[in-house]
Every structure is written in structure tokens, then in C-alpha cells.
file final38.cif (mmCIF, C-alpha atoms)
data_input
#
loop_
_atom_site.group_PDB
_atom_site.id
_atom_site.type_symbol
_atom_site.label_atom_id
_atom_site.label_comp_id
_atom_site.auth_asym_id
_atom_site.auth_seq_id
_atom_site.Cartn_x
_atom_site.Cartn_y
_atom_site.Cartn_z
ATOM 1 C CA MET E 241 15.536 -21.672 2.074
ATOM 2 C CA THR E 242 13.450 -22.131 5.262
ATOM 3 C CA GLY E 243 16.605 -22.530 7.327
ATOM 4 C CA TYR E 244 18.099 -19.397 5.757
ATOM 5 C CA ILE E 245 14.971 -17.363 6.543
ATOM 6 C CA LEU E 246 14.939 -18.599 10.149
ATOM 7 C CA LYS E 247 18.618 -17.724 10.489
ATOM 8 C CA ARG E 248 17.993 -14.189 9.225
ATOM 9 C CA LEU E 249 15.010 -13.762 11.565
ATOM 10 C CA LEU E 250 17.069 -14.896 14.556
ATOM 11 C CA SER E 251 19.859 -12.492 13.595
ATOM 12 C CA ALA E 252 17.314 -9.639 13.631
ATOM 13 C CA ILE E 253 16.515 -10.175 17.332
ATOM 14 C CA PRO E 254 19.714 -8.570 18.734
ATOM 15 C CA VAL E 255 19.345 -5.737 16.206
ATOM 16 C CA LEU E 256 15.822 -4.963 17.401
ATOM 17 C CA PHE E 257 16.928 -5.285 21.032
ATOM 18 C CA GLY E 258 19.718 -2.779 20.403
ATOM 19 C CA ILE E 259 17.245 -0.405 18.760
ATOM 20 C CA THR E 260 14.963 -0.494 21.825
ATOM 21 C CA VAL E 261 17.922 0.279 24.110
ATOM 22 C CA ILE E 262 19.095 3.204 21.971
ATOM 23 C CA VAL E 263 15.599 4.689 21.599
ATOM 24 C CA PHE E 264 14.893 4.370 25.313
ATOM 25 C CA LEU E 265 18.216 5.943 26.354
ATOM 26 C CA ILE E 266 17.875 8.829 23.894
ATOM 27 C CA MET E 267 14.423 9.681 25.241
ATOM 28 C CA ALA E 268 15.674 9.328 28.828
ATOM 29 C CA MET E 269 18.565 11.763 28.177
ATOM 30 C CA ILE E 270 16.324 14.554 26.867
ATOM 31 C CA PRO E 271 16.675 17.492 29.307
ATOM 32 C CA GLY E 272 13.712 18.434 31.466
ATOM 33 C CA ASP E 273 11.032 16.577 33.348
ATOM 34 C CA PRO E 274 8.528 14.820 31.081
ATOM 35 C CA ALA E 275 5.765 15.082 33.666
ATOM 36 C CA THR E 276 6.228 18.847 33.898
ATOM 37 C CA ALA E 277 6.147 19.184 30.112
ATOM 38 C CA ILE E 278 3.008 17.064 29.863
ATOM 39 C CA LEU E 279 1.109 18.883 32.606
ATOM 40 C CA GLY E 280 2.030 22.372 31.389
ATOM 41 C CA ASN E 281 0.176 24.990 33.449
ATOM 42 C CA TYR E 282 -1.096 22.275 35.802
ATOM 43 C CA ALA E 283 2.431 21.238 36.821
ATOM 44 C CA THR E 284 2.122 21.627 40.569
ATOM 45 C CA PRO E 285 4.554 19.587 42.692
ATOM 46 C CA GLU E 286 1.725 17.274 43.751
ATOM 47 C CA ASN E 287 0.530 16.707 40.185
ATOM 48 C CA VAL E 288 4.071 16.163 38.901
ATOM 49 C CA GLU E 289 4.775 13.618 41.626
ATOM 50 C CA LYS E 290 1.509 11.789 40.956
ATOM 51 C CA LEU E 291 2.085 11.670 37.170
ATOM 52 C CA ASN E 292 5.661 10.432 37.616
ATOM 53 C CA ARG E 293 4.314 7.682 39.846
ATOM 54 C CA ASP E 294 1.538 6.779 37.381
ATOM 55 C CA LEU E 295 3.979 6.658 34.465
ATOM 56 C CA GLY E 296 6.595 4.731 36.411
ATOM 57 C CA LEU E 297 9.129 7.547 35.993
ATOM 58 C CA ASP E 298 9.953 7.419 39.721
ATOM 59 C CA LYS E 299 11.550 3.979 39.289
ATOM 60 C CA PRO E 300 15.232 3.353 38.390
ATOM 61 C CA LEU E 301 16.059 3.721 34.690
ATOM 62 C CA VAL E 302 16.871 0.030 34.175
ATOM 63 C CA GLN E 303 13.581 -1.003 35.759
ATOM 64 C CA GLN E 304 11.694 1.500 33.581
ATOM 65 C CA TYR E 305 13.270 -0.009 30.464
ATOM 66 C CA PHE E 306 12.392 -3.601 31.267
ATOM 67 C CA ILE E 307 8.827 -2.661 32.229
ATOM 68 C CA TRP E 308 8.426 -0.834 28.910
ATOM 69 C CA LEU E 309 10.063 -3.691 26.958
ATOM 70 C CA SER E 310 7.928 -6.385 28.571
ATOM 71 C CA ASN E 311 4.755 -4.404 27.914
ATOM 72 C CA MET E 312 5.786 -3.854 24.294
ATOM 73 C CA LEU E 313 6.530 -7.544 23.748
ATOM 74 C CA SER E 314 3.024 -8.328 24.976
ATOM 75 C CA GLY E 315 1.578 -5.896 22.414
ATOM 76 C CA ASP E 316 1.039 -2.976 24.807
ATOM 77 C CA PHE E 317 2.966 0.038 23.504
ATOM 78 C CA GLY E 318 1.372 2.244 26.141
ATOM 79 C CA THR E 319 -1.052 5.150 25.877
ATOM 80 C CA SER E 320 -0.260 8.476 24.256
ATOM 81 C CA PHE E 321 -0.264 11.327 26.760
ATOM 82 C CA ALA E 322 -1.232 13.933 24.174
ATOM 83 C CA LEU E 323 -3.885 11.936 22.279
ATOM 84 C CA ASN E 324 -5.141 9.750 25.127
ATOM 85 C CA ARG E 325 -5.326 6.670 22.921
ATOM 86 C CA PRO E 326 -3.220 3.493 22.575
ATOM 87 C CA VAL E 327 0.117 4.171 20.902
ATOM 88 C CA LEU E 328 -0.079 1.071 18.697
ATOM 89 C CA ASP E 329 -3.500 2.052 17.321
ATOM 90 C CA GLU E 330 -2.244 5.522 16.401
ATOM 91 C CA VAL E 331 0.979 4.176 14.868
ATOM 92 C CA LEU E 332 -0.858 1.601 12.742
ATOM 93 C CA GLU E 333 -3.353 4.207 11.543
ATOM 94 C CA ARG E 334 -0.616 6.676 10.629
ATOM 95 C CA PHE E 335 1.604 3.954 9.134
ATOM 96 C CA ASN E 336 -1.018 3.271 6.464
ATOM 97 C CA ALA E 337 -0.524 6.811 5.152
ATOM 98 C CA THR E 338 3.269 6.522 5.359
ATOM 99 C CA LEU E 339 3.147 3.169 3.575
ATOM 100 C CA VAL E 340 1.175 4.720 0.703
ATOM 101 C CA LEU E 341 3.670 7.573 0.359
ATOM 102 C CA ALA E 342 6.901 5.616 0.903
ATOM 103 C CA GLY E 343 5.666 2.608 -1.082
ATOM 104 C CA THR E 344 4.761 4.740 -4.087
ATOM 105 C CA ALA E 345 8.080 6.603 -3.910
ATOM 106 C CA PHE E 346 10.001 3.322 -3.601
ATOM 107 C CA VAL E 347 8.281 1.734 -6.605
ATOM 108 C CA LEU E 348 8.857 4.935 -8.574
ATOM 109 C CA CYS E 349 12.558 5.251 -7.730
ATOM 110 C CA SER E 350 13.207 1.519 -8.230
ATOM 111 C CA PHE E 351 11.596 1.424 -11.672
ATOM 112 C CA LEU E 352 13.042 4.696 -12.950
ATOM 113 C CA GLY E 353 16.457 4.131 -11.365
ATOM 114 C CA VAL E 354 16.969 0.653 -12.792
ATOM 115 C CA ILE E 355 15.694 1.661 -16.243
ATOM 116 C CA ALA E 356 17.928 4.748 -16.287
ATOM 117 C CA GLY E 357 20.942 2.712 -15.139
ATOM 118 C CA VAL E 358 20.426 0.049 -17.801
ATOM 119 C CA ILE E 359 19.991 2.592 -20.612
ATOM 120 C CA SER E 360 23.030 4.536 -19.410
ATOM 121 C CA ALA E 361 25.203 1.392 -19.295
ATOM 122 C CA ALA E 362 23.988 0.160 -22.685
ATOM 123 C CA ASN E 363 24.990 3.517 -24.213
ATOM 124 C CA GLN E 364 28.232 4.072 -22.305
ATOM 125 C CA TYR E 365 29.781 7.474 -23.089
ATOM 126 C CA GLY E 366 26.987 8.165 -25.561
ATOM 127 C CA ALA E 367 24.493 11.028 -25.551
ATOM 128 C CA ALA E 368 21.944 9.046 -23.509
ATOM 129 C CA ASP E 369 24.601 8.156 -20.911
ATOM 130 C CA LYS E 370 25.733 11.773 -20.568
ATOM 131 C CA GLY E 371 22.180 13.097 -20.397
ATOM 132 C CA ILE E 372 21.097 10.572 -17.746
ATOM 133 C CA THR E 373 24.282 11.197 -15.738
ATOM 134 C CA PHE E 374 23.629 14.945 -15.738
ATOM 135 C CA VAL E 375 20.006 14.533 -14.624
ATOM 136 C CA VAL E 376 20.990 11.978 -11.961
ATOM 137 C CA LEU E 377 23.705 14.199 -10.481
ATOM 138 C CA LEU E 378 21.306 17.128 -10.480
ATOM 139 C CA GLY E 379 18.662 15.068 -8.675
ATOM 140 C CA ILE E 380 21.094 13.775 -6.065
ATOM 141 C CA SER E 381 22.359 17.302 -5.367
ATOM 142 C CA ILE E 382 18.928 18.826 -4.608
ATOM 143 C CA PRO E 383 17.602 18.209 -1.057
ATOM 144 C CA SER E 384 14.184 16.538 -1.132
ATOM 145 C CA PHE E 385 12.565 19.038 1.240
ATOM 146 C CA PHE E 386 13.743 21.988 -0.875
ATOM 147 C CA LEU E 387 12.530 20.287 -4.044
ATOM 148 C CA GLY E 388 9.196 19.653 -2.344
ATOM 149 C CA MET E 389 8.773 23.326 -1.476
ATOM 150 C CA MET E 390 9.680 24.378 -5.015
ATOM 151 C CA MET E 391 7.175 21.873 -6.405
ATOM 152 C CA ILE E 392 4.462 23.317 -4.173
ATOM 153 C CA LEU E 393 5.297 26.831 -5.342
ATOM 154 C CA PHE E 394 5.389 25.946 -9.044
ATOM 155 C CA PHE E 395 2.877 23.132 -9.572
ATOM 156 C CA ALA E 396 0.376 23.901 -6.791
ATOM 157 C CA VAL E 397 0.481 27.671 -6.278
ATOM 158 C CA ASN E 398 1.373 28.959 -9.763
ATOM 159 C CA LEU E 399 -0.014 26.314 -12.141
ATOM 160 C CA ARG E 400 -2.621 24.874 -9.746
ATOM 161 C CA TRP E 401 -2.198 21.399 -11.194
ATOM 162 C CA PHE E 402 -2.046 19.631 -7.832
ATOM 163 C CA PRO E 403 -3.350 20.272 -4.302
ATOM 164 C CA VAL E 404 -0.960 22.080 -1.980
ATOM 165 C CA SER E 405 -0.899 19.593 0.893
ATOM 166 C CA GLY E 406 -2.629 16.768 2.727
ATOM 167 C CA MET E 407 -3.675 13.265 1.745
ATOM 168 C CA TRP E 408 -7.371 13.996 1.205
ATOM 169 C CA PRO E 409 -9.403 17.164 0.641
ATOM 170 C CA ILE E 410 -11.304 18.563 3.612
ATOM 171 C CA TYR E 411 -14.521 18.327 1.606
ATOM 172 C CA GLY E 412 -15.371 16.154 -1.363
ATOM 173 C CA ASP E 413 -15.048 12.564 -2.513
ATOM 174 C CA ARG E 414 -12.152 10.327 -1.475
ATOM 175 C CA THR E 415 -11.525 8.498 -4.726
ATOM 176 C CA LEU E 416 -8.359 6.966 -6.180
ATOM 177 C CA GLY E 417 -7.969 9.891 -8.554
ATOM 178 C CA VAL E 418 -8.114 12.378 -5.685
ATOM 179 C CA LEU E 419 -5.546 10.350 -3.725
ATOM 180 C CA LEU E 420 -3.191 10.229 -6.710
ATOM 181 C CA SER E 421 -3.439 13.989 -7.197
ATOM 182 C CA HIS E 422 -2.429 14.534 -3.551
ATOM 183 C CA LEU E 423 0.257 11.838 -3.767
ATOM 184 C CA ALA E 424 2.003 12.956 -6.961
ATOM 185 C CA MET E 425 4.205 15.751 -5.602
ATOM 186 C CA PRO E 426 5.297 14.250 -2.259
ATOM 187 C CA ALA E 427 6.046 10.861 -3.840
ATOM 188 C CA ALA E 428 8.062 12.482 -6.636
ATOM 189 C CA ALA E 429 10.011 14.697 -4.212
ATOM 190 C CA LEU E 430 10.771 11.713 -1.981
ATOM 191 C CA ALA E 431 11.860 9.502 -4.892
ATOM 192 C CA VAL E 432 14.270 11.891 -6.634
ATOM 193 C CA VAL E 433 17.437 11.296 -4.582
ATOM 194 C CA ALA E 434 16.883 7.539 -4.314
ATOM 195 C CA THR E 435 16.297 7.343 -8.071
ATOM 196 C CA GLY E 436 19.653 8.962 -8.709
ATOM 197 C CA VAL E 437 21.505 6.622 -6.351
ATOM 198 C CA ILE E 438 19.856 3.518 -7.817
ATOM 199 C CA ALA E 439 20.559 4.707 -11.365
ATOM 200 C CA ARG E 440 24.259 5.257 -10.678
ATOM 201 C CA LEU E 441 24.765 1.904 -8.949
ATOM 202 C CA SER E 442 22.630 0.076 -11.534
ATOM 203 C CA ARG E 443 24.840 1.524 -14.258
ATOM 204 C CA SER E 444 27.972 0.272 -12.488
ATOM 205 C CA ALA E 445 26.483 -3.197 -11.960
ATOM 206 C CA MET E 446 25.396 -3.428 -15.602
ATOM 207 C CA LEU E 447 28.798 -2.325 -16.924
ATOM 208 C CA GLU E 448 30.485 -5.013 -14.847
ATOM 209 C CA VAL E 449 28.112 -7.691 -16.145
ATOM 210 C CA LEU E 450 28.409 -6.545 -19.773
ATOM 211 C CA ARG E 451 32.159 -7.249 -19.642
ATOM 212 C CA GLN E 452 31.691 -10.881 -18.625
ATOM 213 C CA ASP E 453 32.234 -13.879 -20.885
ATOM 214 C CA PHE E 454 28.640 -15.124 -21.005
ATOM 215 C CA ILE E 455 27.546 -11.782 -22.509
ATOM 216 C CA ARG E 456 30.137 -12.110 -25.277
ATOM 217 C CA THR E 457 28.959 -15.682 -25.831
ATOM 218 C CA ALA E 458 25.334 -14.574 -26.157
ATOM 219 C CA ARG E 459 26.328 -11.931 -28.691
ATOM 220 C CA ALA E 460 28.429 -14.454 -30.606
ATOM 221 C CA LYS E 461 25.416 -16.760 -30.844
ATOM 222 C CA GLY E 462 23.465 -13.995 -32.549
ATOM 223 C CA VAL E 463 21.212 -12.935 -29.672
ATOM 224 C CA HIS E 464 19.722 -9.518 -30.383
ATOM 225 C CA GLU E 465 21.383 -6.723 -28.411
ATOM 226 C CA ARG E 466 18.086 -5.839 -26.749
ATOM 227 C CA GLY E 467 17.765 -9.417 -25.519
ATOM 228 C CA VAL E 468 21.367 -9.418 -24.283
ATOM 229 C CA ILE E 469 20.765 -6.255 -22.261
ATOM 230 C CA TRP E 470 17.312 -6.838 -20.814
ATOM 231 C CA ARG E 471 17.124 -10.617 -20.572
ATOM 232 C CA HIS E 472 20.667 -11.731 -19.770
ATOM 233 C CA ALA E 473 22.669 -8.798 -18.378
ATOM 234 C CA LEU E 474 19.916 -7.251 -16.273
ATOM 235 C CA LYS E 475 19.058 -10.583 -14.617
ATOM 236 C CA ALA E 476 22.691 -11.068 -13.602
ATOM 237 C CA ALA E 477 23.059 -7.456 -12.469
ATOM 238 C CA MET E 478 19.973 -7.658 -10.240
ATOM 239 C CA VAL E 479 22.027 -9.659 -7.711
ATOM 240 C CA SER E 480 24.028 -6.478 -7.085
ATOM 241 C CA ILE E 481 21.109 -4.082 -7.548
ATOM 242 C CA ILE E 482 18.703 -5.665 -5.045
ATOM 243 C CA PRO E 483 20.803 -4.786 -1.940
ATOM 244 C CA VAL E 484 20.899 -1.199 -3.171
ATOM 245 C CA LEU E 485 17.101 -1.222 -3.375
ATOM 246 C CA GLY E 486 16.956 -2.424 0.231
ATOM 247 C CA ILE E 487 19.188 0.402 1.422
ATOM 248 C CA GLN E 488 17.194 2.977 -0.530
ATOM 249 C CA ALA E 489 13.965 1.614 0.965
ATOM 250 C CA GLY E 490 15.304 2.675 4.363
ATOM 251 C CA PHE E 491 16.282 6.054 2.947
ATOM 252 C CA VAL E 492 12.798 6.552 1.508
ATOM 253 C CA LEU E 493 11.159 5.506 4.779
ATOM 254 C CA SER E 494 13.311 7.874 6.836
ATOM 255 C CA GLY E 495 12.982 10.643 4.252
ATOM 256 C CA ALA E 496 9.217 10.438 4.579
ATOM 257 C CA VAL E 497 9.586 12.293 7.902
ATOM 258 C CA TYR E 498 10.471 15.689 6.438
ATOM 259 C CA ILE E 499 8.435 15.176 3.269
ATOM 260 C CA GLU E 500 5.361 14.570 5.444
ATOM 261 C CA ILE E 501 6.074 17.832 7.244
ATOM 262 C CA VAL E 502 6.501 19.798 3.993
ATOM 263 C CA PHE E 503 3.312 18.394 2.446
ATOM 264 C CA GLN E 504 1.342 17.970 5.708
ATOM 265 C CA TRP E 505 0.976 14.263 4.976
ATOM 266 C CA PRO E 506 -0.724 12.492 7.930
ATOM 267 C CA GLY E 507 1.858 9.731 8.366
ATOM 268 C CA VAL E 508 4.179 8.359 11.045
ATOM 269 C CA GLY E 509 6.866 10.967 10.358
ATOM 270 C CA ARG E 510 4.579 13.891 11.051
ATOM 271 C CA MET E 511 3.196 12.031 14.089
ATOM 272 C CA LEU E 512 6.701 11.549 15.523
ATOM 273 C CA VAL E 513 7.619 15.207 15.079
ATOM 274 C CA ASP E 514 4.422 16.278 16.859
ATOM 275 C CA ALA E 515 5.075 13.736 19.632
ATOM 276 C CA ILE E 516 8.645 14.998 20.140
ATOM 277 C CA LEU E 517 7.436 18.597 20.423
ATOM 278 C CA LYS E 518 4.845 17.525 23.018
ATOM 279 C CA ARG E 519 7.290 15.256 24.889
ATOM 280 C CA ASP E 520 4.970 12.316 24.252
ATOM 281 C CA ILE E 521 7.629 9.767 25.187
ATOM 282 C CA LEU E 522 5.682 6.551 24.692
ATOM 283 C CA MET E 523 4.464 7.702 21.279
ATOM 284 C CA VAL E 524 7.997 8.487 20.121
ATOM 285 C CA GLN E 525 9.421 5.239 21.471
ATOM 286 C CA GLY E 526 6.628 3.101 20.041
ATOM 287 C CA GLY E 527 6.677 4.818 16.643
ATOM 288 C CA VAL E 528 10.442 4.586 16.193
ATOM 289 C CA VAL E 529 10.612 0.928 17.266
ATOM 290 C CA PHE E 530 7.706 0.006 14.964
ATOM 291 C CA VAL E 531 9.277 1.714 11.930
ATOM 292 C CA ALA E 532 12.691 0.203 12.717
ATOM 293 C CA ALA E 533 11.142 -3.273 12.966
ATOM 294 C CA CYS E 534 9.452 -2.793 9.585
ATOM 295 C CA TYR E 535 12.773 -1.747 8.041
ATOM 296 C CA VAL E 536 14.586 -4.787 9.498
ATOM 297 C CA LEU E 537 11.900 -7.133 8.165
ATOM 298 C CA PHE E 538 12.071 -5.490 4.747
ATOM 299 C CA ASN E 539 15.829 -6.005 4.637
ATOM 300 C CA ILE E 540 15.314 -9.679 5.460
ATOM 301 C CA ALA E 541 12.887 -9.885 2.533
ATOM 302 C CA VAL E 542 15.524 -8.241 0.305
ATOM 303 C CA ASP E 543 18.149 -10.768 1.426
ATOM 304 C CA VAL E 544 15.757 -13.624 0.669
ATOM 305 C CA ALA E 545 15.037 -12.205 -2.795
ATOM 306 C CA GLN E 546 18.755 -11.840 -3.447
ATOM 307 C CA SER E 547 19.407 -15.440 -2.358
ATOM 308 C CA LEU E 548 16.717 -16.657 -4.784
ATOM 309 C CA LEU E 549 18.610 -14.991 -7.645
ATOM 310 C CA ASP E 550 22.008 -16.202 -6.421
ATOM 311 C CA PRO E 551 21.835 -19.396 -4.299
ATOM 312 C CA ARG E 552 25.537 -19.018 -3.422
ATOM 313 C CA ILE E 553 24.587 -16.271 -0.945
ATOM 314 C CA LYS E 554 22.957 -18.819 1.382
ATOM 315 C CA THR E 555 26.176 -20.782 1.765
#
call {"tool": "encode", "arguments": {"input": "final38.cif", "output": "C-alpha cells"}}
result
Amino acid sequence: MTGYILKRLLSAIPVLFGITVIVFLIMAMIPGDPATAILGNYATPENVEKLNRDLGLDKPLVQQYFIWLSNMLSGDFGTSFALNRPVLDEVLERFNATLVLAGTAFVLCSFLGVIAGVISAANQYGAADKGITFVVLLGISIPSFFLGMMMILFFAVNLRWFPVSGMWPIYGDRTLGVLLSHLAMPAAALAVVATGVIARLSRSAMLEVLRQDFIRTARAKGVHERGVIWRHALKAAMVSIIPVLGIQAGFVLSGAVYIEIVFQWPGVGRMLVDAILKRDILMVQGGVVFVAACYVLFNIAVDVAQSLLDPRIKT
């Protein structure tokens, strides 16, 4: 297992390197002069030239990339132009909020999706299967940002059950109950599409397992149907379900960007949008690379979990 983990970590290095190249080139191809955008009304030729020199933007593009990469590898992601603070400090602070939102949504969609898929497969073509399929297709068809806005209108504005936006109230206590009340709508809106995808693929995986010989053997031995479904079939199906969970984790993490905007959640997604609007290049580059690295590491963890369930994967 140690050798397999090391192999997966080594394979992630070229992926992360490619991500840094793509992020750097995309930011370099954005039209306009970053120094002029940063200085705004103070963008005199002298000030623009001085800022370009201070930021290293007067150097060739290849040299700029390797300077930025070497600094990043040493733990220096640079300093935000707009916030005047280290990029890594801001990213880590904002990532805590994103982790709360995306983590809650991921746990929610994983639990509900797998349960719905198992129940649907166990009652193939029955009323439960048809009802779950209808709800799943409806959830997949509704964009998360639109659902979020409708939830704000209905649950926050009309019924006043939940706060409209933010992670914490401006005034008052910051308790777990308050956090959960702010978290309920954005986490639910973010989890809906992923729940539908997981439910559909879990159903397919379960149906395939339920047709196998060992399931018929378990039933022939008198094992209760509930035990066949939840103890035998689900364990075997998880080998196929776990990769789906890994893919949906990336979807949830990327989907947090627009959900954070809709609900004014103070996470990395909202930070990146603000940084793009302000042409805060180092903030955008550092934030995207950090999130991409987290996603790559999570996928490695998913592969390791899958190999624990099915040792043949390591060979």
C-alpha cells in the first residue's frame, strides 16, 4: 500500500506542474496591462513602469513563470495587490469557509445519493424507483445557482426560516446553531445536482452487483433481503461508487464558486471572483493552484480508499 501511495503522489507532480503552466498562461493572456489596472487613477507612465519593475512584469514571460514557481515552491505565493497581505494567508483563511460549505454539501450528497441509489435499485421498476428517478432527474435539471436564488426567495424572504446570506450574522453570537442556519440553504443548493448524479450511478452499480452469482448464493442460503442489499451488495458496489464520489467532490468544490456568490459566502470562490475583477493576478494564481492541489490530493485519497476495497486495483 505504501508503494501504491507513493506512486500516486509521484504521478500527481506532472499534473500539478501542468496546472501551474495553464493558470499562469491564462492570466498572462488577459488583455490589458495589470499595472495600469492596479494603479487606477494613479496610472502615470512613471508609476506604471515602476510597478511593472517591482512586480517583475518587465521580464520575459518564461522568466516570470519560473520566478513565480520557485517562490511558490518555497511557500511564498506572493502578496495580494488589492488586500496588501500574503496570498497564502488569505487563501487559507478563506479556504476554511469553503471547506465548511463544500464538505457539508459533499457529505450530504454522498449520503443521500448512495441511499437513494440503493433503494431505487432494490425496488427496480417499482413505485420507489420511479419516484426517486423523477426527483433525481428534476434535481439534475435545475441549475444550482437558480435553485439557490429560489431558496432565498422562498425560505429566507417569504418564510423567514433561514438568514438570507453570509456565514455569520453581523451582530450576535457565533454558535454552531447559528452556523448551521446560515449553512443550510447554500449546502443544500450545492448538493442537489451531485446527489442526483451519485444516485443514478449508485443505482446502476447496485443493479449490476445484484445480478451476480454471490448475491444469488446469499439469497439461497436464507440471508434476509435487507442483509443481502446493505451488507453484501452495497459493499461490492462501493468499488464502483467511490470513483464517482471523487469526481463529484471536484464538482462540489468548483460549484462552490457561484454558490458563494449567490449566498455571499466568504470562501475561496468569492475571493477569486473579486480578485479577477480587480486584476489581482497573484491572488488568482495562488488561489486556483491551491484549490487544484487540494482536489488532486483528494482524488489520491479516493484511489487509496478504492484500492482498500478492491486490492486488484493496485496491480
call {"tool": "axis_aligned_box", "arguments": {"input": "final38.cif", "around": "stretch 356-360 of chain E", "padding_each_side": "8 Å", "output": "lines of an AutoDock Vina configuration file"}}
result
center_x = 20.5
center_y = 2.4
center_z = -17.9
size_x = 21.1
size_y = 20.7
size_z = 21.5
call {"tool": "closest_residue", "arguments": {"input": "final38.cif", "among": "E:Ile499, E:Val347, E:Leu512, E:Ala361", "to": "E:Arg451", "atoms": "all atoms listed in the file"}}
result
E:Ala361
call {"tool": "resolve_selection", "arguments": {"input": "final38.cif", "expression": "the PyMOL selection byres ((chain E and resi 420) around 12)", "output": "tab-separated table (two decimals) with C-alpha atoms, keeping the file's coordinate frame"}}
result
chain	number	residue	atom	x	y	z
E	340	VAL	CA	1.18	4.72	0.70
E	341	LEU	CA	3.67	7.57	0.36
E	344	THR	CA	4.76	4.74	-4.09
E	402	PHE	CA	-2.05	19.63	-7.83
E	403	PRO	CA	-3.35	20.27	-4.30
E	406	GLY	CA	-2.63	16.77	2.73
E	407	MET	CA	-3.68	13.26	1.74
E	408	TRP	CA	-7.37	14.00	1.20
E	409	PRO	CA	-9.40	17.16	0.64
E	414	ARG	CA	-12.15	10.33	-1.48
E	415	THR	CA	-11.52	8.50	-4.73
E	416	LEU	CA	-8.36	6.97	-6.18
E	417	GLY	CA	-7.97	9.89	-8.55
E	418	VAL	CA	-8.11	12.38	-5.68
E	419	LEU	CA	-5.55	10.35	-3.72
E	421	SER	CA	-3.44	13.99	-7.20
E	422	HIS	CA	-2.43	14.53	-3.55
E	423	LEU	CA	0.26	11.84	-3.77
E	424	ALA	CA	2.00	12.96	-6.96
E	425	MET	CA	4.20	15.75	-5.60
E	426	PRO	CA	5.30	14.25	-2.26
E	427	ALA	CA	6.05	10.86	-3.84
E	428	ALA	CA	8.06	12.48	-6.64
call {"tool": "resolve_selection", "arguments": {"input": "final38.cif", "expression": "the PyMOL selection byres ((chain E and resi 378-380) around 9)", "output": "count of residues only"}}
result
15
call {"tool": "closest_residue", "arguments": {"input": "final38.cif", "among": "E:Tyr411, E:Phe395, E:Phe538, E:Phe385", "to": "E:Ala489", "atoms": "only C-alpha atoms"}}
result
E:Phe538
call {"tool": "closest_residue", "arguments": {"input": "final38.cif", "among": "E:Leu313, E:Met523, E:Ile245, E:Leu250", "to": "E:Val542", "atoms": "all atoms listed in the file"}}
result
E:Ile245
call {"tool": "closest_residue", "arguments": {"input": "final38.cif", "among": "E:Val508, E:Leu548, E:Ile359, E:Leu430", "to": "E:Val528", "atoms": "only C-alpha atoms"}}
result
E:Val508
call {"tool": "resolve_selection", "arguments": {"input": "final38.cif", "expression": "the PyMOL selection byres ((chain E and resi 246-249) around 12)", "output": "PyMOL selection string"}}
result
chain E and resi 241-245+250-256+533+536-544+547+554-555
call {"tool": "atom_distance", "arguments": {"input": "final38.cif", "atom1": "atom CA of E:Ala458", "atom2": "atom CA of E:Leu474"}}
result
13.4 Å
call {"tool": "closest_residue", "arguments": {"input": "final38.cif", "among": "E:Leu399, E:Leu297, E:Leu387, E:Leu339", "to": "E:Ser494", "atoms": "all atoms listed in the file"}}
result
E:Leu339
